[in-house]
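Asker: Sharing a structure, written as structure tokens. Questions coming.
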Amino acid sequence: MKKLLSVFLVLVLTLSLAGCGSSNDGTQQASTSSDAGSTPAESSTPAESSSQEADKPQYTFTIGTSATAASIIGQTAQYFADLVEEKSNGAIVVQCYTDSQLGSDSELVEGVQMGTITMVIGSTAPQASFISDLALFDLPQVYDSIETAYTVVPSFKDTMASSFEDSNIHLGSLFATVFRWMSSSKEITTLEDFRGIKIRTMENPYHMTYWNSLGCTATPLAFSELYMGLQQGVVGAQENPLDIFMSSNFYEVQDYVVLTKHIAFTATILMNDKAYNDLPAEYQDIMDECFALAEAYGQDYALQVETENLGKIEAEGITVIELDDTVYAQMKEASSEVESMVRSAVGDELVDAYLAAIAAASK
């Protein structure tokens, strides 16, 4: 009996050990890392259902802007984020941060370069200190109509892409939205009227030279201090798109809005180069499609908002001034120094190609 019991125990032990061997079913968990502001989804264990896995994003990206959520740029950023998630069936999620939540314009570009932020959407003006060829879009008084800018600016995307080589930045979108307008506490109808006005500008050498050449005193001032600066008379004027003028309540402390048409607000969506190149080809195609659709949306939405804001400005009692062609010509001549500066920065070939494209599109 003892012998039979021993045989039985040995048999049970052998079967138990056979069931505890190393498990190698051919399934290998993906090895992922988190960089460029993205968070790839955690790999699922075999026990998780396929429906749960389908609900998880494979990539979570960030897009930041200094613009307000209600602005043209802020709305375009959110449209882009929603579109990417829709087109990728939830595989790519883009978290949108407006109102400088992730930093200033310069800090956002730096974040994209370093990979702590995936994308930034904003004006080319502050970005020119990182990508010098973007100064091309600081050429003043080159557009008679914003519709011409809608044709020309996006057509230079492929040309400008080479300027981003070795910058660790991928140029996703390049588009124009609206003209920048000047607002003032003083009526302006002639070139002489610009003289002596202290105008707040970005700390951009091309912008500052432009306003100084008209007889103003360009005064860099943090945007967060601008309302109080206008209210207290530290500066008597500022320049921005109308949606910024309205959303920042500048109509409370300014009496006139002047259609200077000095610069078309040109925007980009920039993406960390590694984050873009690490995407599978099918996801790169989705991103490219969404970049292009965001350009079209930004332009269409800008026109709609511009019309609405003109009505709102007049309702607030603001006097809207459109200068005559003679004054525009005088402004262009007075600011010719800026073109020389831009040519020195980006080269004659690029400037000549840009001006030729504008001339052709204006016919």
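Every chain in the structure tokens takes a letter, A first, then B, and so on in the order presented; its residues are numbered from 1, and the ligands are numbered from 1 following the presented order.
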List every residue of segment 189-228 of chain A that DSSP, applied to the backbone of this structure, assigns to strand (DSSP E or B), and report them as a PDB file with C-alpha atoms, in the first residue's frame.

Answerer:
ATOM      1  CA  LYS A 198       4.258 105.382 -28.491  1.00  0.00           C
ATOM      2  CA  ILE A 199       3.083 102.037 -29.826  1.00  0.00           C
ATOM      3  CA  ARG A 200       3.432  98.704 -28.084  1.00  0.00           C
ATOM      4  CA  THR A 201       5.097  96.084 -30.281  1.00  0.00           C
ATOM      5  CA  THR A 217       8.205 105.118 -30.923  1.00  0.00           C
ATOM      6  CA  ALA A 218       8.170 101.321 -30.835  1.00  0.00           C
ATOM      7  CA  THR A 219       7.860 100.200 -27.216  1.00  0.00           C
ATOM      8  CA  PRO A 220       8.127  96.493 -26.358  1.00  0.00           C
TER       9      PRO A 220
END

Asker: At a cut-off of 6 Å, using only C-alpha atoms, what residues contact segment 306-322 of chain A? Leave out same-chain residues fewer than 6 positions from it and give the result as a VMD selection string.

Answerer: chain A and resid 255 to 259

Asker: Leaving out Tyr276 of chain A and any residue of its chain fewer than 3 positions from it, which residues lie within 12 Å of it when counting only C-alpha atoms, given as number ranges by chain?

Answerer: A: 35-38, 59, 61, 112, 115, 118-119, 168-172, 270-273, 279-288

Asker: Looking at A:Gln75, A:Asn277, A:Ser132, A:Gln113, which one is nearest to Ser163 of chain A, with distances taken over only C-alpha atoms?

Answerer: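 Answer, going by the shortest atom-to-atom distance: A:Ser132.
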
Asker: With distances taken over only C-alpha atoms, which residue among A:Gly233, A:Pro241, A:Gly196, A:Gly347 lies nearest Ser183 of chain A?

Answerer: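 Looking at the shortest contact to Ser183 of chain A, the residue is A:Pro241.
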
Asker: Show me, as a tab-separated table, the residues of segment 108-173 of chain A having an atom within 9 Å of segment 353-361 of chain A, each with the closest atom pair and its distance in Å, using only C-alpha atoms.

Answerer:
residue	atom	partner	partner_atom	distance
A:Leu136	CA	A:Tyr354	CA	8.0
A:Val142	CA	A:Ile358	CA	7.6
A:Tyr143	CA	A:Ile358	CA	7.4
A:Thr148	CA	A:Ala361	CA	6.0
A:Ala149	CA	A:Ile358	CA	7.6
A:Thr151	CA	A:Ala361	CA	7.1
A:Val152	CA	A:Ile358	CA	6.3
A:Val153	CA	A:Tyr354	CA	8.7
A:Ser155	CA	A:Ala357	CA	9.0
A:Phe156	CA	A:Tyr354	CA	8.0

Asker: Take the selection from the previous step and output its residues with N, CA and C atoms, as an mmCIF file, in the first residue's frame.

Answerer:
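Saved to part24.cif:
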data_model
loop_
_atom_site.group_PDB
_atom_site.id
_atom_site.type_symbol
_atom_site.label_atom_id
_atom_site.label_comp_id
_atom_site.auth_asym_id
_atom_site.auth_seq_id
_atom_site.Cartn_x
_atom_site.Cartn_y
_atom_site.Cartn_z
ATOM 1 N N LEU A 136 10.836 86.293 -43.354
ATOM 2 C CA LEU A 136 10.225 86.610 -44.644
ATOM 3 C C LEU A 136 8.822 87.177 -44.472
ATOM 4 N N VAL A 142 3.040 94.475 -47.998
ATOM 5 C CA VAL A 142 3.182 93.716 -49.246
ATOM 6 C C VAL A 142 1.836 93.171 -49.754
ATOM 7 N N TYR A 143 0.786 93.256 -48.921
ATOM 8 C CA TYR A 143 -0.518 92.727 -49.319
ATOM 9 C C TYR A 143 -1.571 93.833 -49.359
ATOM 10 N N THR A 148 -5.150 87.452 -50.945
ATOM 11 C CA THR A 148 -3.889 87.183 -51.643
ATOM 12 C C THR A 148 -2.935 86.419 -50.724
ATOM 13 N N ALA A 149 -2.904 86.792 -49.463
ATOM 14 C CA ALA A 149 -2.053 86.088 -48.494
ATOM 15 C C ALA A 149 -2.499 84.640 -48.327
ATOM 16 N N THR A 151 -3.528 82.734 -50.572
ATOM 17 C CA THR A 151 -2.982 81.981 -51.701
ATOM 18 C C THR A 151 -1.476 81.808 -51.585
ATOM 19 N N VAL A 152 -0.788 82.890 -51.240
ATOM 20 C CA VAL A 152 0.675 82.900 -51.307
ATOM 21 C C VAL A 152 1.333 82.191 -50.125
ATOM 22 N N VAL A 153 0.918 82.511 -48.914
ATOM 23 C CA VAL A 153 1.631 82.003 -47.732
ATOM 24 C C VAL A 153 1.689 80.471 -47.706
ATOM 25 N N SER A 155 1.583 78.412 -50.069
ATOM 26 C CA SER A 155 2.368 77.914 -51.200
ATOM 27 C C SER A 155 3.860 77.903 -50.900
ATOM 28 N N PHE A 156 4.276 78.581 -49.839
ATOM 29 C CA PHE A 156 5.689 78.620 -49.472
ATOM 30 C C PHE A 156 6.041 77.587 -48.404
#

Asker: Got a sec: who's within 12 Å of Val346 of chain A, counting only C-alpha atoms, leaving out chain neighbours fewer than 6 positions off, as a PyMOL selection string?

Answerer: chain A and resi 128+131-139+160+163+339-340+352-354
